[in-house]
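Enquirer: I have a structure here, written as structure tokens, and I will follow up with some questions on it.
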Amino acid sequence: MSGPDLNFWQQRFDTGQLPWDRGAPSPQLAAWLGDGSLAPGRIAVPGCGSGHEVVALARGGFSVTAIDYAPGAVRLTQGRLAAAGLAAEVVQADVLTWQPAAPLDAVYEQTCLCALHPDHWVAYAARLHAWLRPGGTLALLAMQALRESAGQGLIEGPPYHVDVNALRALLPGDRWDWPRPPYARVPHPSSTWAELAIVLTRR
């Protein structure tokens, strides 16, 4: 498998090396909840990590399925839910093979795409489309982590830089309705990187 494997991610959780963890939900999630871009329904959070967004969505009345590859992420998310007195389905699974029992209303995609090596992006994009019902929402934060080495064709990560042109090829207009740019840029406090906030509708 190209890119980081299960041991790589589990070691990060074992040692607490979680530089992507804000310690709270992304501010963009609150914005999407506030403007109605995400309305309560059946939602998946692939690459749920420490579970901050899972808790926020469960508190907001969503039926949440949290998915992560690493047992450490599953335990953290379950513990965070228990401490908050909230319930959600938390699944240890590979997002490239997982499938919901019924089509979802929405997917909150923040950390999964940029954690997967680009060799797996086409397969993951197909899963996102398969998970959602027609008219379903993909609330996506596209990591902007462009490195100087990209000028030499090197692929570095995670996080992997999610170029918006590559994203348009992965999630084409015949399968997804795209909003017009420009897109909100969400800074990340742990680095100079940021994320582009894009809400797509599955055709």
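Residues in the structure tokens are named by chain (A, B, ... in the order shown) and by number from 1 within that chain; ligands are numbered from 1 in the order shown.
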Given only C-alpha atoms, how would the per-residue table for stretch 121-148 of chain A near stretch 25-31 of chain A read, listing every residue at most 12 Å away with its closest atom pair and distance in Å to one decimal, sorted by chain and number, as CSV?
Expert:
```
residue,atom,partner,partner_atom,distance
A:Ala139,CA,A:Leu29,CA,8.8
A:Leu140,CA,A:Gln28,CA,9.9
A:Leu141,CA,A:Gln28,CA,8.5
A:Ala142,CA,A:Gln28,CA,11.9
```
Enquirer: What would the file look like if the residues just selected were written as a PDB file, in the first residue's frame with C-alpha atoms?
Expert:
```
ATOM      1  CA  ALA A 139     -18.850  18.976   3.137  1.00  0.00           C
ATOM      2  CA  LEU A 140     -15.170  18.969   2.285  1.00  0.00           C
ATOM      3  CA  LEU A 141     -12.116  20.728   3.662  1.00  0.00           C
ATOM      4  CA  ALA A 142      -9.352  20.483   1.044  1.00  0.00           C
TER       5      ALA A 142
END
```
Enquirer: Within 8 Å of stretch 179-193 of chain A, counting only C-alpha atoms, which residues show up once you throw out same-chain ones fewer than 2 positions away? Write them as a ChimeraX atom specification, please.
Expert: /A:19-20,22,28,143-145,177,195-200
Enquirer: Can you tell me, as a PyMOL selection string, which residues in chain A count as helix (DSSP H, G or I) by DSSP?
Expert: chain A and resi 6-15+27-35+52-59+71-84+113-115+118-131+148-152+164-170
Enquirer: Limited to C-alpha atoms, could you put the picked residues into a file as a short mmCIF file (atom, residue, chain, number, x, y, z; two decimals), in the first residue's frame?
Expert:
```
data_model
loop_
_atom_site.label_atom_id
_atom_site.label_comp_id
_atom_site.auth_asym_id
_atom_site.auth_seq_id
_atom_site.Cartn_x
_atom_site.Cartn_y
_atom_site.Cartn_z
CA LEU A 6 -1.97 1.28 9.98
CA ASN A 7 1.16 1.09 12.15
CA PHE A 8 2.10 4.65 11.16
CA TRP A 9 -1.24 6.02 12.32
CA GLN A 10 -1.48 3.87 15.45
CA GLN A 11 1.96 5.04 16.55
CA ARG A 12 0.81 8.65 16.28
CA PHE A 13 -2.10 7.96 18.62
CA ASP A 14 0.04 5.87 20.98
CA THR A 15 2.57 8.70 21.35
CA PRO A 27 -14.55 26.42 13.09
CA GLN A 28 -15.83 25.61 9.61
CA LEU A 29 -18.09 22.90 11.00
CA ALA A 30 -19.83 25.51 13.16
CA ALA A 31 -20.19 27.75 10.09
CA TRP A 32 -21.78 24.96 8.04
CA LEU A 33 -24.14 24.05 10.87
CA GLY A 34 -25.05 27.69 11.32
CA ASP A 35 -25.82 28.41 7.66
CA HIS A 52 -14.11 16.44 18.09
CA GLU A 53 -16.36 16.82 15.04
CA VAL A 54 -18.15 13.55 15.83
CA VAL A 55 -19.17 14.93 19.22
CA ALA A 56 -20.28 18.24 17.74
CA LEU A 57 -22.43 16.51 15.11
CA ALA A 58 -23.95 14.09 17.63
CA ARG A 59 -24.77 17.05 19.87
CA PRO A 71 -7.74 1.59 17.02
CA GLY A 72 -6.29 4.55 18.92
CA ALA A 73 -8.59 6.96 17.06
CA VAL A 74 -11.59 4.73 17.70
CA ARG A 75 -10.85 4.63 21.44
CA LEU A 76 -10.35 8.39 21.66
CA THR A 77 -13.59 9.08 19.83
CA GLN A 78 -15.55 6.60 21.93
CA GLY A 79 -14.11 8.12 25.11
CA ARG A 80 -14.95 11.65 24.01
CA LEU A 81 -18.54 10.64 23.21
CA ALA A 82 -18.93 8.88 26.56
CA ALA A 83 -17.59 11.91 28.46
CA ALA A 84 -20.14 14.10 26.67
CA LEU A 113 -8.41 12.62 1.78
CA CYS A 114 -5.22 14.46 2.76
CA ALA A 115 -4.14 11.48 4.91
CA PRO A 118 -2.76 10.17 -3.84
CA ASP A 119 -2.50 6.67 -5.33
CA HIS A 120 -5.74 5.93 -3.43
CA TRP A 121 -7.66 9.10 -4.22
CA VAL A 122 -9.58 7.76 -7.22
CA ALA A 123 -10.80 4.76 -5.21
CA TYR A 124 -11.73 6.99 -2.26
CA ALA A 125 -13.63 9.42 -4.48
CA ALA A 126 -15.66 6.49 -5.79
CA ARG A 127 -16.49 5.47 -2.22
CA LEU A 128 -17.69 8.98 -1.34
CA HIS A 129 -20.08 8.93 -4.29
CA ALA A 130 -21.27 5.42 -3.43
CA TRP A 131 -21.92 6.30 0.22
CA GLU A 148 8.52 23.52 -2.53
CA SER A 149 9.42 19.95 -3.53
CA ALA A 150 6.22 19.77 -5.60
CA GLY A 151 8.12 21.71 -8.26
CA GLN A 152 10.24 18.58 -8.72
CA VAL A 164 -8.32 22.12 -6.46
CA ASN A 165 -7.71 21.15 -10.10
CA ALA A 166 -7.00 17.55 -9.05
CA LEU A 167 -10.10 17.70 -6.85
CA ARG A 168 -12.25 18.72 -9.84
CA ALA A 169 -10.92 15.69 -11.73
CA LEU A 170 -11.62 13.38 -8.76
#
```
Enquirer: So, counting only C-alpha atoms, which residue among A:Leu132, A:Leu116, A:Ala70, A:Ala44 is closest to A:Glu89?
Expert: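 Of all the options, A:Ala44 lies closest to A:Glu89.
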Enquirer: Atom CA of A:Pro158 to atom CA of A:Gly16: how many Å, to one decimal?
Expert: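 Separation between atom CA of A:Pro158 and atom CA of A:Gly16: 16.2 Å.
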Enquirer: Could you go through stretch 13-183 of chain A and tell me which residues DSSP, when run on the backbone, assigns to strand (DSSP E or B), listing them as a short mmCIF file (atom, residue, chain, number, x, y, z; two decimals) with N, CA, C and O atoms, in the first residue's frame?
Expert:
```
data_model
loop_
_atom_site.label_atom_id
_atom_site.label_comp_id
_atom_site.auth_asym_id
_atom_site.auth_seq_id
_atom_site.Cartn_x
_atom_site.Cartn_y
_atom_site.Cartn_z
N ARG A 42 -28.34 11.44 8.46
CA ARG A 42 -27.33 10.38 8.58
C ARG A 42 -26.03 10.87 7.94
O ARG A 42 -26.00 11.15 6.74
N ILE A 43 -24.98 10.96 8.75
CA ILE A 43 -23.72 11.52 8.28
C ILE A 43 -22.56 10.62 8.68
O ILE A 43 -22.58 10.00 9.74
N ALA A 44 -21.55 10.54 7.82
CA ALA A 44 -20.31 9.82 8.13
C ALA A 44 -19.17 10.81 8.28
O ALA A 44 -19.13 11.83 7.58
N VAL A 45 -18.25 10.47 9.19
CA VAL A 45 -17.03 11.26 9.38
C VAL A 45 -15.85 10.31 9.16
O VAL A 45 -15.40 9.64 10.09
N PRO A 46 -15.36 10.19 7.92
CA PRO A 46 -14.22 9.31 7.66
C PRO A 46 -12.92 9.94 8.18
O PRO A 46 -12.73 11.15 8.10
N SER A 63 -27.32 11.63 13.15
CA SER A 63 -27.02 10.21 13.34
C SER A 63 -25.65 9.98 12.71
O SER A 63 -25.52 9.94 11.48
N VAL A 64 -24.62 9.84 13.56
CA VAL A 64 -23.24 9.90 13.09
C VAL A 64 -22.61 8.51 13.04
O VAL A 64 -22.74 7.73 13.99
N THR A 65 -21.91 8.24 11.94
CA THR A 65 -21.01 7.09 11.86
C THR A 65 -19.60 7.63 11.71
O THR A 65 -19.29 8.31 10.73
N ALA A 66 -18.76 7.36 12.72
CA ALA A 66 -17.36 7.78 12.70
C ALA A 66 -16.51 6.59 12.26
O ALA A 66 -16.69 5.48 12.75
N ILE A 67 -15.59 6.82 11.34
CA ILE A 67 -14.78 5.75 10.77
C ILE A 67 -13.31 6.12 10.91
O ILE A 67 -12.92 7.25 10.59
N ASP A 68 -12.51 5.19 11.38
CA ASP A 68 -11.06 5.39 11.37
C ASP A 68 -10.36 4.06 11.27
O ASP A 68 -10.87 3.01 11.70
N GLU A 89 -22.18 5.82 16.18
CA GLU A 89 -21.54 4.58 15.77
C GLU A 89 -20.08 4.87 15.44
O GLU A 89 -19.80 5.77 14.64
N VAL A 90 -19.17 4.14 16.04
CA VAL A 90 -17.74 4.33 15.80
C VAL A 90 -17.18 3.03 15.26
O VAL A 90 -17.26 1.99 15.94
N VAL A 91 -16.64 3.08 14.06
CA VAL A 91 -16.24 1.88 13.34
C VAL A 91 -14.76 1.91 13.03
O VAL A 91 -14.26 2.93 12.50
N GLN A 92 -14.05 0.84 13.36
CA GLN A 92 -12.68 0.70 12.88
C GLN A 92 -12.73 0.00 11.53
O GLN A 92 -13.15 -1.16 11.43
N LEU A 104 -26.19 7.55 2.74
CA LEU A 104 -26.09 8.62 3.72
C LEU A 104 -26.65 9.93 3.17
O LEU A 104 -26.71 10.15 1.96
N ASP A 105 -27.02 10.81 4.10
CA ASP A 105 -27.45 12.16 3.73
C ASP A 105 -26.25 13.09 3.52
O ASP A 105 -26.33 14.03 2.73
N ALA A 106 -25.16 12.81 4.25
CA ALA A 106 -24.02 13.72 4.18
C ALA A 106 -22.74 13.00 4.59
O ALA A 106 -22.77 11.99 5.29
N VAL A 107 -21.62 13.56 4.14
CA VAL A 107 -20.29 13.14 4.59
C VAL A 107 -19.53 14.41 4.97
O VAL A 107 -19.54 15.40 4.23
N TYR A 108 -18.90 14.37 6.15
CA TYR A 108 -18.02 15.46 6.58
C TYR A 108 -16.59 14.98 6.35
O TYR A 108 -16.09 14.10 7.06
N GLU A 109 -15.94 15.53 5.32
CA GLU A 109 -14.60 15.09 4.92
C GLU A 109 -13.60 16.20 5.24
O GLU A 109 -13.53 17.22 4.56
N LEU A 132 -23.22 8.20 -0.59
CA LEU A 132 -24.26 9.22 -0.48
C LEU A 132 -25.47 8.93 -1.35
O LEU A 132 -25.35 8.38 -2.46
N ARG A 133 -26.63 9.34 -0.89
CA ARG A 133 -27.83 9.29 -1.71
C ARG A 133 -27.76 10.41 -2.75
O ARG A 133 -27.04 11.41 -2.55
N PRO A 134 -28.50 10.30 -3.86
CA PRO A 134 -28.59 11.43 -4.78
C PRO A 134 -29.11 12.67 -4.04
O PRO A 134 -30.06 12.59 -3.26
N GLY A 135 -28.46 13.80 -4.25
CA GLY A 135 -28.81 15.01 -3.52
C GLY A 135 -28.11 15.13 -2.19
O GLY A 135 -28.28 16.14 -1.50
N GLY A 136 -27.32 14.12 -1.81
CA GLY A 136 -26.59 14.16 -0.56
C GLY A 136 -25.46 15.18 -0.59
O GLY A 136 -25.00 15.61 -1.65
N THR A 137 -24.99 15.54 0.60
CA THR A 137 -24.01 16.63 0.76
C THR A 137 -22.63 16.08 1.11
O THR A 137 -22.49 15.24 2.00
N LEU A 138 -21.61 16.59 0.41
CA LEU A 138 -20.22 16.34 0.76
C LEU A 138 -19.63 17.66 1.23
O LEU A 138 -19.39 18.57 0.42
N ALA A 139 -19.46 17.79 2.55
CA ALA A 139 -18.85 18.98 3.14
C ALA A 139 -17.36 18.69 3.28
O ALA A 139 -16.95 17.87 4.10
N LEU A 140 -16.57 19.36 2.47
CA LEU A 140 -15.17 18.97 2.29
C LEU A 140 -14.23 20.11 2.63
O LEU A 140 -14.46 21.26 2.21
N LEU A 141 -13.20 19.79 3.38
CA LEU A 141 -12.12 20.73 3.66
C LEU A 141 -10.86 20.22 2.95
O LEU A 141 -10.31 19.18 3.31
N ALA A 142 -10.46 20.92 1.90
CA ALA A 142 -9.35 20.48 1.04
C ALA A 142 -8.05 21.08 1.55
O ALA A 142 -7.84 22.31 1.50
N MET A 143 -7.16 20.23 2.04
CA MET A 143 -5.91 20.68 2.64
C MET A 143 -5.00 21.36 1.62
O MET A 143 -4.70 20.80 0.56
N GLN A 144 -4.57 22.55 1.96
CA GLN A 144 -3.63 23.30 1.12
C GLN A 144 -2.26 23.26 1.80
O GLN A 144 -1.96 24.07 2.67
N TRP A 176 -21.09 15.45 -9.50
CA TRP A 176 -21.21 16.36 -8.36
C TRP A 176 -21.54 17.76 -8.83
O TRP A 176 -20.99 18.23 -9.83
N ASP A 177 -22.41 18.45 -8.10
CA ASP A 177 -22.66 19.87 -8.32
C ASP A 177 -21.67 20.67 -7.49
O ASP A 177 -21.62 20.51 -6.25
#
```
